[in-house]
file query29.pdb (PDB, C-alpha atoms)
ATOM      1  CA  MET A   1     -47.641  51.813 116.277
ATOM      2  CA  LYS A   2     -43.825  51.727 116.284
ATOM      3  CA  ARG A   3     -43.908  50.114 119.728
ATOM      4  CA  PHE A   4     -46.333  47.446 118.487
ATOM      5  CA  ILE A   5     -44.150  46.639 115.468
ATOM      6  CA  LYS A   6     -41.099  46.412 117.721
ATOM      7  CA  HIS A   7     -42.871  43.973 120.051
ATOM      8  CA  ILE A   8     -44.095  41.835 117.161
ATOM      9  CA  THR A   9     -40.586  41.742 115.686
ATOM     10  CA  ILE A  10     -39.076  40.692 119.014
ATOM     11  CA  PHE A  11     -41.753  38.030 119.433
ATOM     12  CA  PHE A  12     -41.084  36.525 116.002
ATOM     13  CA  LEU A  13     -37.324  36.549 116.526
ATOM     14  CA  PHE A  14     -37.790  34.808 119.871
ATOM     15  CA  ALA A  15     -40.196  32.292 118.292
ATOM     16  CA  ILE A  16     -37.706  31.459 115.535
ATOM     17  CA  VAL A  17     -34.866  30.957 118.013
ATOM     18  CA  PHE A  18     -37.117  28.832 120.234
ATOM     19  CA  TYR A  19     -38.244  26.755 117.225
ATOM     20  CA  VAL A  20     -34.713  26.111 115.983
ATOM     21  CA  CYS A  21     -33.420  25.231 119.453
ATOM     22  CA  GLY A  22     -36.428  22.985 120.046
ATOM     23  CA  ILE A  23     -35.902  21.071 116.802
ATOM     24  CA  CYS A  24     -32.196  20.605 117.540
ATOM     25  CA  PHE A  25     -32.986  19.372 121.062
ATOM     26  CA  LEU A  26     -35.566  16.903 119.734
ATOM     27  CA  GLY A  27     -33.179  15.672 117.088
ATOM     28  CA  GLU A  28     -30.298  15.128 119.487
ATOM     29  CA  PHE A  29     -31.929  13.783 122.629
ATOM     30  CA  VAL A  30     -35.408  12.400 121.911
ATOM     31  CA  PRO A  31     -35.902   8.840 120.537
ATOM     32  CA  SER A  32     -37.180   8.617 116.958
ATOM     33  CA  TYR A  33     -40.493   7.132 118.067
ATOM     34  CA  PHE A  34     -41.384  10.380 119.868
ATOM     35  CA  LYS A  35     -40.385  12.770 117.067
ATOM     36  CA  PRO A  36     -42.296  11.690 113.918
ATOM     37  CA  ASN A  37     -41.937  15.146 112.397
ATOM     38  CA  VAL A  38     -38.136  15.216 112.586
ATOM     39  CA  LYS A  39     -36.712  12.642 110.175
ATOM     40  CA  TYR A  40     -32.948  12.616 109.881
ATOM     41  CA  ILE A  41     -31.968   9.575 107.782
ATOM     42  CA  ILE A  42     -28.261   9.815 107.057
ATOM     43  CA  GLY A  43     -27.017   6.560 105.547
ATOM     44  CA  ALA A  44     -30.490   5.216 104.755
ATOM     45  CA  SER A  45     -31.165   2.780 101.908
ATOM     46  CA  GLY A  46     -29.979   3.864  98.483
ATOM     47  CA  HIS A  47     -26.478   5.009  99.494
ATOM     48  CA  SER A  48     -27.392   8.671  99.008
ATOM     49  CA  TYR A  49     -24.673   9.793 101.407
ATOM     50  CA  THR A  50     -21.850   8.065  99.517
ATOM     51  CA  ARG A  51     -23.184   9.199  96.132
ATOM     52  CA  LEU A  52     -23.633  12.827  97.214
ATOM     53  CA  GLN A  53     -20.107  12.909  98.601
ATOM     54  CA  GLU A  54     -18.572  11.263  95.542
ATOM     55  CA  VAL A  55     -20.261  13.667  93.122
ATOM     56  CA  LYS A  56     -18.269  16.526  94.648
ATOM     57  CA  GLU A  57     -15.156  15.034  93.030
ATOM     58  CA  VAL A  58     -16.744  14.571  89.586
ATOM     59  CA  ASP A  59     -16.230  16.892  86.629
ATOM     60  CA  SER A  60     -16.280  16.889  82.841
ATOM     61  CA  ILE A  61     -17.978  13.544  82.266
ATOM     62  CA  ASP A  62     -19.649  12.101  79.191
ATOM     63  CA  ILE A  63     -23.012  11.036  80.664
ATOM     64  CA  LEU A  64     -24.899  12.078  83.790
ATOM     65  CA  PHE A  65     -27.784   9.839  84.854
ATOM     66  CA  LEU A  66     -30.704  11.408  86.723
ATOM     67  CA  GLY A  67     -33.913  10.058  88.233
ATOM     68  CA  ASN A  68     -35.253   8.105  91.183
ATOM     69  CA  SER A  69     -34.290   4.637  92.460
ATOM     70  CA  GLN A  70     -34.960   3.184  89.010
ATOM     71  CA  ALA A  71     -31.987   5.289  87.879
ATOM     72  CA  TYR A  72     -29.408   4.454  90.524
ATOM     73  CA  ARG A  73     -30.487   0.793  90.522
ATOM     74  CA  GLY A  74     -30.907   0.590  86.740
ATOM     75  CA  PHE A  75     -27.909   2.328  85.151
ATOM     76  CA  ASP A  76     -24.703   0.397  85.810
ATOM     77  CA  THR A  77     -21.868   2.865  85.162
ATOM     78  CA  ARG A  78     -19.394  -0.020  84.720
ATOM     79  CA  ALA A  79     -21.044  -1.007  81.430
ATOM     80  CA  PHE A  80     -20.326   2.464  80.058
ATOM     81  CA  GLU A  81     -16.825   2.562  81.511
ATOM     82  CA  LYS A  82     -15.963  -0.555  79.498
ATOM     83  CA  LEU A  83     -16.705   1.472  76.364
ATOM     84  CA  GLY A  84     -14.510   4.360  77.494
ATOM     85  CA  ILE A  85     -17.514   6.475  78.541
ATOM     86  CA  ARG A  86     -17.137   8.446  81.781
ATOM     87  CA  SER A  87     -20.474   8.556  83.570
ATOM     88  CA  PHE A  88     -21.980   9.247  86.961
ATOM     89  CA  ASN A  89     -25.329   8.178  88.406
ATOM     90  CA  LEU A  90     -26.971  10.967  90.401
ATOM     91  CA  GLY A  91     -30.311   9.286  90.980
ATOM     92  CA  THR A  92     -31.760   9.473  94.496
ATOM     93  CA  SER A  93     -34.592   7.665  96.250
ATOM     94  CA  GLY A  94     -38.010   8.978  95.260
ATOM     95  CA  GLN A  95     -36.482  11.835  93.259
ATOM     96  CA  THR A  96     -39.070  14.111  91.680
ATOM     97  CA  PHE A  97     -38.429  17.117  89.469
ATOM     98  CA  LEU A  98     -38.248  19.444  92.479
ATOM     99  CA  GLN A  99     -35.322  17.431  93.831
ATOM    100  CA  THR A 100     -33.744  17.189  90.374
ATOM    101  CA  LYS A 101     -33.846  20.976  90.143
ATOM    102  CA  LEU A 102     -32.000  21.311  93.467
ATOM    103  CA  ILE A 103     -29.381  18.740  92.461
ATOM    104  CA  LEU A 104     -28.711  20.439  89.119
ATOM    105  CA  LYS A 105     -28.496  23.909  90.658
ATOM    106  CA  ARG A 106     -25.952  22.549  93.094
ATOM    107  CA  TYR A 107     -23.829  20.346  90.821
ATOM    108  CA  LEU A 108     -24.492  20.789  87.086
ATOM    109  CA  GLU A 109     -21.983  23.603  86.591
ATOM    110  CA  LYS A 110     -19.252  21.507  88.211
ATOM    111  CA  ILE A 111     -20.075  18.147  86.605
ATOM    112  CA  ARG A 112     -20.322  19.569  83.058
ATOM    113  CA  PRO A 113     -21.692  16.424  81.347
ATOM    114  CA  LYS A 114     -21.887  16.183  77.572
ATOM    115  CA  GLN A 115     -25.164  14.280  77.799
ATOM    116  CA  ILE A 116     -27.870  13.697  80.401
ATOM    117  CA  VAL A 117     -29.909  10.494  80.424
ATOM    118  CA  PHE A 118     -32.946  11.311  82.530
ATOM    119  CA  GLN A 119     -34.973   8.354  83.802
ATOM    120  CA  VAL A 120     -38.555   9.613  84.165
ATOM    121  CA  SER A 121     -41.765   8.027  85.381
ATOM    122  CA  PRO A 122     -45.352   9.189  85.966
ATOM    123  CA  TYR A 123     -44.764   8.974  89.736
ATOM    124  CA  MET A 124     -42.339  11.894  89.512
ATOM    125  CA  PHE A 125     -45.309  14.125  88.679
ATOM    126  CA  GLY A 126     -47.536  12.602  91.335
ATOM    127  CA  SER A 127     -46.170  14.018  94.597
ATOM    128  CA  LEU A 128     -43.938  16.811  95.856
ATOM    129  CA  GLY A 129     -41.269  14.389  97.038
ATOM    130  CA  ALA A 130     -41.212  15.091 100.779
ATOM    131  CA  GLU A 131     -39.402  11.827 101.574
ATOM    132  CA  SER A 132     -36.907  12.430  98.772
ATOM    133  CA  SER A 133     -36.197  15.925 100.103
ATOM    134  CA  ILE A 134     -35.602  14.530 103.584
ATOM    135  CA  ASP A 135     -33.177  12.006 102.094
ATOM    136  CA  ILE A 136     -31.185  14.747 100.350
ATOM    137  CA  PHE A 137     -31.235  17.108 103.353
ATOM    138  CA  SER A 138     -29.953  14.322 105.592
ATOM    139  CA  ASN A 139     -27.156  13.185 103.289
ATOM    140  CA  ASP A 140     -25.847  16.348 101.655
ATOM    141  CA  ILE A 141     -24.932  19.933 102.474
ATOM    142  CA  ASN A 142     -27.804  22.376 102.930
ATOM    143  CA  ASP A 143     -27.929  25.842 101.394
ATOM    144  CA  LEU A 144     -30.406  28.347  99.979
ATOM    145  CA  HIS A 145     -31.414  25.809  97.326
ATOM    146  CA  SER A 146     -32.559  23.545 100.176
ATOM    147  CA  VAL A 147     -34.660  26.373 101.614
ATOM    148  CA  GLU A 148     -36.200  27.079  98.201
ATOM    149  CA  MET A 149     -37.213  23.442  97.791
ATOM    150  CA  ALA A 150     -38.599  23.221 101.329
ATOM    151  CA  LEU A 151     -40.790  26.265 100.701
ATOM    152  CA  SER A 152     -42.106  24.697  97.480
ATOM    153  CA  ILE A 153     -43.052  21.492  99.301
ATOM    154  CA  ASN A 154     -44.400  23.280 102.393
ATOM    155  CA  ASN A 155     -44.398  20.248 104.680
ATOM    156  CA  ILE A 156     -43.711  20.299 108.431
ATOM    157  CA  GLN A 157     -41.470  17.207 108.313
ATOM    158  CA  VAL A 158     -39.445  18.776 105.521
ATOM    159  CA  TYR A 159     -39.012  22.078 107.406
ATOM    160  CA  ASN A 160     -38.060  20.357 110.645
ATOM    161  CA  THR A 161     -35.614  17.976 108.986
ATOM    162  CA  LEU A 162     -33.971  20.834 107.082
ATOM    163  CA  VAL A 163     -33.394  22.734 110.332
ATOM    164  CA  TYR A 164     -31.928  19.718 112.099
ATOM    165  CA  SER A 165     -29.847  18.667 109.074
ATOM    166  CA  LYS A 166     -28.381  22.168 108.861
ATOM    167  CA  PHE A 167     -27.509  21.907 112.546
ATOM    168  CA  LYS A 168     -25.691  18.653 111.749
ATOM    169  CA  ASP A 169     -23.838  20.467 108.949
ATOM    170  CA  VAL A 170     -22.730  23.196 111.344
ATOM    171  CA  ILE A 171     -21.446  20.889 114.098
ATOM    172  CA  GLY A 172     -19.652  18.699 111.543
ATOM    173  CA  ASP A 173     -21.363  15.379 112.330
ATOM    174  CA  LYS A 174     -21.906  14.530 108.669
ATOM    175  CA  HIS A 175     -18.210  14.738 107.865
ATOM    176  CA  ALA A 176     -17.474  12.049 110.435
ATOM    177  CA  PHE A 177     -20.062   9.641 109.040
ATOM    178  CA  ILE A 178     -18.822   6.605 107.107
ATOM    179  CA  GLU A 179     -21.350   4.632 105.041
ATOM    180  CA  GLU A 180     -20.754   0.940 104.432
ATOM    181  CA  LYS A 181     -20.483   0.033 100.748
ATOM    182  CA  GLU A 182     -22.406  -3.219 101.362
ATOM    183  CA  LYS A 183     -25.762  -3.018 103.141
ATOM    184  CA  GLY A 184     -28.240  -5.893 103.130
ATOM    185  CA  ASN A 185     -28.579  -7.050  99.523
ATOM    186  CA  ASP A 186     -27.136  -3.830  98.122
ATOM    187  CA  LEU A 187     -23.583  -3.025  97.033
ATOM    188  CA  TYR A 188     -22.511   0.507  96.149
ATOM    189  CA  ILE A 189     -20.440   0.731  92.983
ATOM    190  CA  LYS A 190     -18.173   3.727  92.395
ATOM    191  CA  GLY A 191     -19.963   6.030  89.994
ATOM    192  CA  GLY A 192     -23.293   6.090  91.836
ATOM    193  CA  TYR A 193     -24.800   2.707  90.862
ATOM    194  CA  VAL A 194     -26.309   0.420  93.527
ATOM    195  CA  GLU A 195     -26.211  -3.268  92.650
ATOM    196  CA  ARG A 196     -28.823  -5.610  94.115
ATOM    197  CA  TYR A 197     -26.284  -8.425  93.930
ATOM    198  CA  LYS A 198     -28.220 -11.101  95.819
ATOM    199  CA  MET A 199     -31.003 -12.648  93.782
ATOM    200  CA  THR A 200     -34.199 -12.548  95.789
ATOM    201  CA  SER A 201     -37.687 -13.721  94.880
ATOM    202  CA  TYR A 202     -40.871 -11.709  95.346
ATOM    203  CA  THR A 203     -44.549 -12.316  94.846
ATOM    204  CA  PHE A 204     -45.821  -9.864  92.249
ATOM    205  CA  LYS A 205     -49.314  -8.480  92.536
ATOM    206  CA  ASP A 206     -51.481  -6.458  90.171
ATOM    207  CA  LEU A 207     -51.223  -2.847  91.312
ATOM    208  CA  ASP A 208     -53.478  -0.206  89.769
ATOM    209  CA  THR A 209     -51.821   3.115  90.575
ATOM    210  CA  VAL A 210     -53.958   6.264  90.369
ATOM    211  CA  PHE A 211     -52.839   9.794  91.265
ATOM    212  CA  GLU A 212     -53.076  13.362  90.006
ATOM    213  CA  ILE A 213     -50.251  15.107  88.184
ATOM    214  CA  ASN A 214     -49.067  18.006  90.330
ATOM    215  CA  LYS A 215     -48.783  21.464  88.748
ATOM    216  CA  LYS A 216     -45.710  22.324  90.823
ATOM    217  CA  GLN A 217     -43.965  19.306  89.359
ATOM    218  CA  ILE A 218     -44.874  20.344  85.818
ATOM    219  CA  LYS A 219     -43.306  23.750  86.505
ATOM    220  CA  ALA A 220     -40.195  22.172  88.053
ATOM    221  CA  PHE A 221     -39.903  19.742  85.114
ATOM    222  CA  LYS A 222     -39.910  22.579  82.591
ATOM    223  CA  GLU A 223     -37.370  24.515  84.670
ATOM    224  CA  VAL A 224     -35.072  21.477  84.762
ATOM    225  CA  VAL A 225     -35.288  21.070  80.991
ATOM    226  CA  HIS A 226     -34.545  24.775  80.519
ATOM    227  CA  MET A 227     -31.481  24.543  82.804
ATOM    228  CA  ILE A 228     -30.110  21.629  80.787
ATOM    229  CA  ASN A 229     -30.874  23.143  77.373
ATOM    230  CA  ASP A 230     -29.396  26.473  78.458
ATOM    231  CA  LYS A 231     -26.058  24.703  79.023
ATOM    232  CA  GLY A 232     -26.204  23.119  75.562
ATOM    233  CA  ILE A 233     -26.263  19.604  77.037
ATOM    234  CA  ASP A 234     -27.789  16.775  75.009
ATOM    235  CA  LEU A 235     -30.861  15.484  76.884
ATOM    236  CA  VAL A 236     -32.501  12.067  76.493
ATOM    237  CA  PHE A 237     -35.534  10.915  78.483
ATOM    238  CA  VAL A 238     -36.006   7.217  79.185
ATOM    239  CA  LYS A 239     -38.690   5.234  80.967
ATOM    240  CA  ALA A 240     -37.270   2.189  82.724
ATOM    241  CA  PRO A 241     -38.825  -1.265  82.325
ATOM    242  CA  ILE A 242     -41.335  -2.180  85.010
ATOM    243  CA  SER A 243     -43.159  -5.404  85.756
ATOM    244  CA  LYS A 244     -46.261  -5.992  83.662
ATOM    245  CA  ASP A 245     -48.054  -6.540  86.983
ATOM    246  CA  LEU A 246     -47.698  -2.827  87.765
ATOM    247  CA  ILE A 247     -50.621  -1.087  86.084
ATOM    248  CA  ILE A 248     -50.727   2.699  85.779
ATOM    249  CA  ASN A 249     -53.906   4.541  84.854
ATOM    250  CA  LYS A 250     -54.019   5.079  81.066
ATOM    251  CA  ASN A 251     -55.074   8.733  81.323
ATOM    252  CA  ILE A 252     -52.101   9.454  83.588
ATOM    253  CA  LEU A 253     -49.759   7.708  81.149
ATOM    254  CA  ILE A 254     -51.108   9.735  78.214
ATOM    255  CA  GLU A 255     -50.656  13.028  80.087
ATOM    256  CA  PHE A 256     -47.198  11.973  81.293
ATOM    257  CA  GLU A 257     -45.970  11.029  77.821
ATOM    258  CA  SER A 258     -47.400  14.209  76.338
ATOM    259  CA  LEU A 259     -45.414  16.298  78.839
ATOM    260  CA  ILE A 260     -42.170  14.386  78.290
ATOM    261  CA  LYS A 261     -42.351  14.230  74.497
ATOM    262  CA  SER A 262     -43.037  17.975  74.315
ATOM    263  CA  GLU A 263     -39.602  18.627  75.816
ATOM    264  CA  GLY A 264     -37.260  16.218  74.048
ATOM    265  CA  GLU A 265     -36.162  12.804  72.841
ATOM    266  CA  TYR A 266     -37.940   9.989  74.702
ATOM    267  CA  TYR A 267     -37.609   6.195  74.789
ATOM    268  CA  ASP A 268     -39.977   3.867  76.648
ATOM    269  CA  PHE A 269     -38.041   0.663  77.311
ATOM    270  CA  ASN A 270     -41.251  -1.154  78.175
ATOM    271  CA  LEU A 271     -41.884  -1.020  74.432
ATOM    272  CA  LEU A 272     -38.296  -1.665  73.356
ATOM    273  CA  LEU A 273     -37.862  -4.652  75.690
ATOM    274  CA  SER A 274     -40.192  -7.430  76.745
ATOM    275  CA  LEU A 275     -39.035  -8.600  80.184
ATOM    276  CA  ASN A 276     -40.888 -11.068  82.382
ATOM    277  CA  ASN A 277     -40.695 -11.084  86.182
ATOM    278  CA  ASP A 278     -37.480 -13.139  86.114
ATOM    279  CA  TYR A 279     -35.699  -9.852  85.371
ATOM    280  CA  PHE A 280     -37.147  -7.933  88.341
ATOM    281  CA  TYR A 281     -36.676  -8.066  92.099
ATOM    282  CA  ASP A 282     -39.885  -6.112  92.670
ATOM    283  CA  SER A 283     -42.517  -4.531  90.429
ATOM    284  CA  ASN A 284     -40.477  -1.341  89.905
ATOM    285  CA  HIS A 285     -36.848  -2.466  89.910
ATOM    286  CA  LEU A 286     -34.680  -4.703  87.751
ATOM    287  CA  ASN A 287     -32.447  -7.384  89.224
ATOM    288  CA  ILE A 288     -28.832  -7.786  88.054
ATOM    289  CA  ASN A 289     -29.887  -9.755  84.953
ATOM    290  CA  GLY A 290     -32.445  -7.123  84.036
ATOM    291  CA  VAL A 291     -29.913  -4.315  84.535
ATOM    292  CA  ASP A 292     -27.525  -6.012  82.099
ATOM    293  CA  VAL A 293     -30.211  -6.328  79.420
ATOM    294  CA  TYR A 294     -31.450  -2.763  80.003
ATOM    295  CA  GLY A 295     -27.918  -1.343  79.854
ATOM    296  CA  ALA A 296     -27.082  -3.134  76.607
ATOM    297  CA  SER A 297     -30.296  -1.865  75.018
ATOM    298  CA  LEU A 298     -29.677   1.697  76.219
ATOM    299  CA  ILE A 299     -26.137   1.655  74.817
ATOM    300  CA  GLU A 300     -27.571   0.538  71.475
ATOM    301  CA  VAL A 301     -30.257   3.252  71.498
ATOM    302  CA  LEU A 302     -27.715   5.948  72.340
ATOM    303  CA  ASN A 303     -25.385   4.667  69.583
ATOM    304  CA  ILE A 304     -22.493   4.830  72.020
ATOM    305  CA  GLY A 305     -20.501   2.196  70.182
ATOM    306  CA  GLU A 306     -20.615   4.356  67.061
ATOM    307  CA  LYS A 307     -19.403   7.561  68.674
TER     308      LYS A 307
END

call {"tool": "encode", "arguments": {"input": "query29.pdb", "output": "structure tokens"}}
result
Amino acid sequence: MKRFIKHITIFFLFAIVFYVCGICFLGEFVPSYFKPNVKYIIGASGHSYTRLQEVKEVDSIDILFLGNSQAYRGFDTRAFEKLGIRSFNLGTSGQTFLQTKLILKRYLEKIRPKQIVFQVSPYMFGSLGAESSIDIFSNDINDLHSVEMALSINNIQVYNTLVYSKFKDVIGDKHAFIEEKEKGNDLYIKGGYVERYKMTSYTFKDLDTVFEINKKQIKAFKEVVHMINDKGIDLVFVKAPISKDLIINKNILIEFESLIKSEGEYYDFNLLLSLNNDYFYDSNHLNINGVDVYGASLIEVLNIGEK
């Protein structure tokens, strides 16, 4: 029996070494087309790399913004800076509550914000955020928090990308990477905001979005709220304006709002503002004019001018 256990142990150790070496070889030498399950996307859209490097120098701020692309494209930190408010936008592409939990475990203690404005949407409950995890793995350091998130998602692309991204951490390739501040129609603004500075026109279509709310995301959401409350940080949930052409199933919206309202202060800016498609560059994201209107309304809601 002892001999059998020894052989099994040796086999698994060999398999792990072979797996890791194989993933690193694929990542380094095989064209992307032939490795669909290894996605390393350093410097992809959204400026995650620049934001996740800049946050390492941030501490003791007034407001921390969290959420998905609606956050980093919707909260212009310059508007708050004009009022003497120090803020940082830590939104990432496709961020769900599982990714928020990782980000807060990694940076909340250092950032020490007085208030968190958390942009939430029903979509954040609808998937496990595999693509968002890959984005973070590719553009930030990787540690035990990364492993914990990968195990929660349990996706082969996520596992493979974590292994290869950690390899990139070890050999120092990420440190040598320089991300352009201007990419396509996007301009990165210090503080984590991404400005879509070129006005572009889109054809909006009616989109009826249906999905199931994931139980793992509910658990992660409650853990995130507990982490924030445990630090005594003021927490405000907001739902960003979206095009009226984007239709979300009413039952999903009811369940979503019930979950959010059970955990804190919540403002739906689709009710507070009435914006037509002239203020959007697609069905989910505001253009520069929309961002200005949204920011002014948020500042009013938060009573920042009175503090």

call {"tool": "closest_atom_pairs", "arguments": {"input": "query29.pdb", "of": "segment 189-279 of chain A", "to": "segment 77-85 of chain A", "cutoff": "8 Å", "atoms": "only C-alpha atoms", "output": "JSON lines"}}
result
{"residue": "A:Gly191", "atom": "CA", "partner": "A:Thr77", "partner_atom": "CA", "distance": 6.1}
{"residue": "A:Gly192", "atom": "CA", "partner": "A:Thr77", "partner_atom": "CA", "distance": 7.5}
{"residue": "A:Tyr193", "atom": "CA", "partner": "A:Thr77", "partner_atom": "CA", "distance": 6.4}

call {"tool": "atom_distance", "arguments": {"input": "query29.pdb", "atom1": "atom CA of Pro31 of chain A", "atom2": "atom CA of Lys174 of chain A"}}
result
19.2 Å

call {"tool": "resolve_selection", "arguments": {"input": "query29.pdb", "expression": "the PyMOL selection byres ((chain A and resi 220) around 9)", "output": "list in words"}}
result
Thr96, Phe97, Leu98, Gln99, Thr100, Lys101, Lys215, Lys216, Gln217, Ile218, Lys219, Phe221, Lys222, Glu223, Val224 and Val225 of chain A

call {"tool": "axis_aligned_box", "arguments": {"input": "query29.pdb", "around": "segment 91-107 of chain A", "padding_each_side": "6 Å", "output": "AutoDock Vina command-line options"}}
result
--center_x -31.4 --center_y 15.8 --center_z 92.7 --size_x 27.2 --size_y 28.2 --size_z 19.1

call {"tool": "residues_around", "arguments": {"input": "query29.pdb", "residues": "Asp76 of chain A", "least_positions_apart": "4", "cutoff": "10 Å", "atoms": "only C-alpha atoms", "output": "list in words"}}
result
Phe65, Ala71, Tyr72, Phe80, Glu81, Ser87, Phe88, Asn89, Ile189, Lys190, Gly191, Gly192, Tyr193, Val194, Glu195, Ile288, Val291, Asp292, Tyr294 and Gly295 of chain A

call {"tool": "atom_distance", "arguments": {"input": "query29.pdb", "atom1": "atom CA of Leu26 of chain A", "atom2": "atom CA of Gly172 of chain A"}}
result
18.0 Å

call {"tool": "resolve_selection", "arguments": {"input": "query29.pdb", "expression": "the PyMOL selection byres ((chain A and resi 39) around 7)", "output": "ChimeraX atom specification"}}
result
/A:36-38,40-41,134,157,161

call {"tool": "atom_distance", "arguments": {"input": "query29.pdb", "atom1": "atom CA of Lys105 of chain A", "atom2": "atom CA of Ser258 of chain A"}}
result
25.6 Å

call {"tool": "closest_residue", "arguments": {"input": "query29.pdb", "among": "A:Leu144, A:Leu162, A:Leu286, A:Ile63", "to": "Arg112 of chain A", "atoms": "all atoms listed in the file"}}
result
A:Ile63

call {"tool": "residues_near_point", "arguments": {"input": "query29.pdb", "point": "(-38.6, -8.1, 82.2)", "cutoff": "8 Å", "atoms": "only C-alpha atoms", "output": "number ranges by chain"}}
result
A: 241-243, 273-280, 286, 290

call {"tool": "resolve_selection", "arguments": {"input": "query29.pdb", "expression": "the PyMOL selection byres ((chain A and resi 91) around 10)", "output": "ChimeraX atom specification"}}
result
/A:46,48,51-52,64-75,88-90,92-95,99-100,103,118-119,192-193

call {"tool": "closest_residue", "arguments": {"input": "query29.pdb", "among": "A:Glu182, A:Asp234, A:Glu148, A:Asp143", "to": "Pro113 of chain A", "atoms": "only C-alpha atoms"}}
result
A:Asp234

call {"tool": "closest_residue", "arguments": {"input": "query29.pdb", "among": "A:Ser121, A:Ser60, A:Ser32, A:Ser127", "to": "Glu257 of chain A", "atoms": "only C-alpha atoms"}}
result
A:Ser121

call {"tool": "closest_residue", "arguments": {"input": "query29.pdb", "among": "A:Val238, A:Leu104, A:Cys21, A:Leu128", "to": "Lys261 of chain A", "atoms": "only C-alpha atoms"}}
result
A:Val238

call {"tool": "closest_residue", "arguments": {"input": "query29.pdb", "among": "A:Ile16, A:Glu109, A:Phe29, A:Asn270", "to": "Asp59 of chain A", "atoms": "all atoms listed in the file"}}
result
A:Glu109

call {"tool": "closest_residue", "arguments": {"input": "query29.pdb", "among": "A:Ala296, A:Arg86, A:Lys56, A:Gln115", "to": "Asn229 of chain A", "atoms": "all atoms listed in the file"}}
result
A:Gln115

call {"tool": "residues_around", "arguments": {"input": "query29.pdb", "residues": "Tyr164 of chain A", "least_positions_apart": "6", "cutoff": "7 Å", "atoms": "all atoms listed in the file", "output": "number ranges by chain"}}
result
A: 23-24, 27

call {"tool": "residues_near_point", "arguments": {"input": "query29.pdb", "point": "(-33.5, 9.7, 104.3)", "cutoff": "8 Å", "atoms": "only C-alpha atoms", "output": "list in words"}}
result
Lys39, Tyr40, Ile41, Ile42, Gly43, Ala44, Ser45, Glu131, Ser132, Ser133, Ile134, Asp135, Ile136, Phe137, Ser138 and Asn139 of chain A
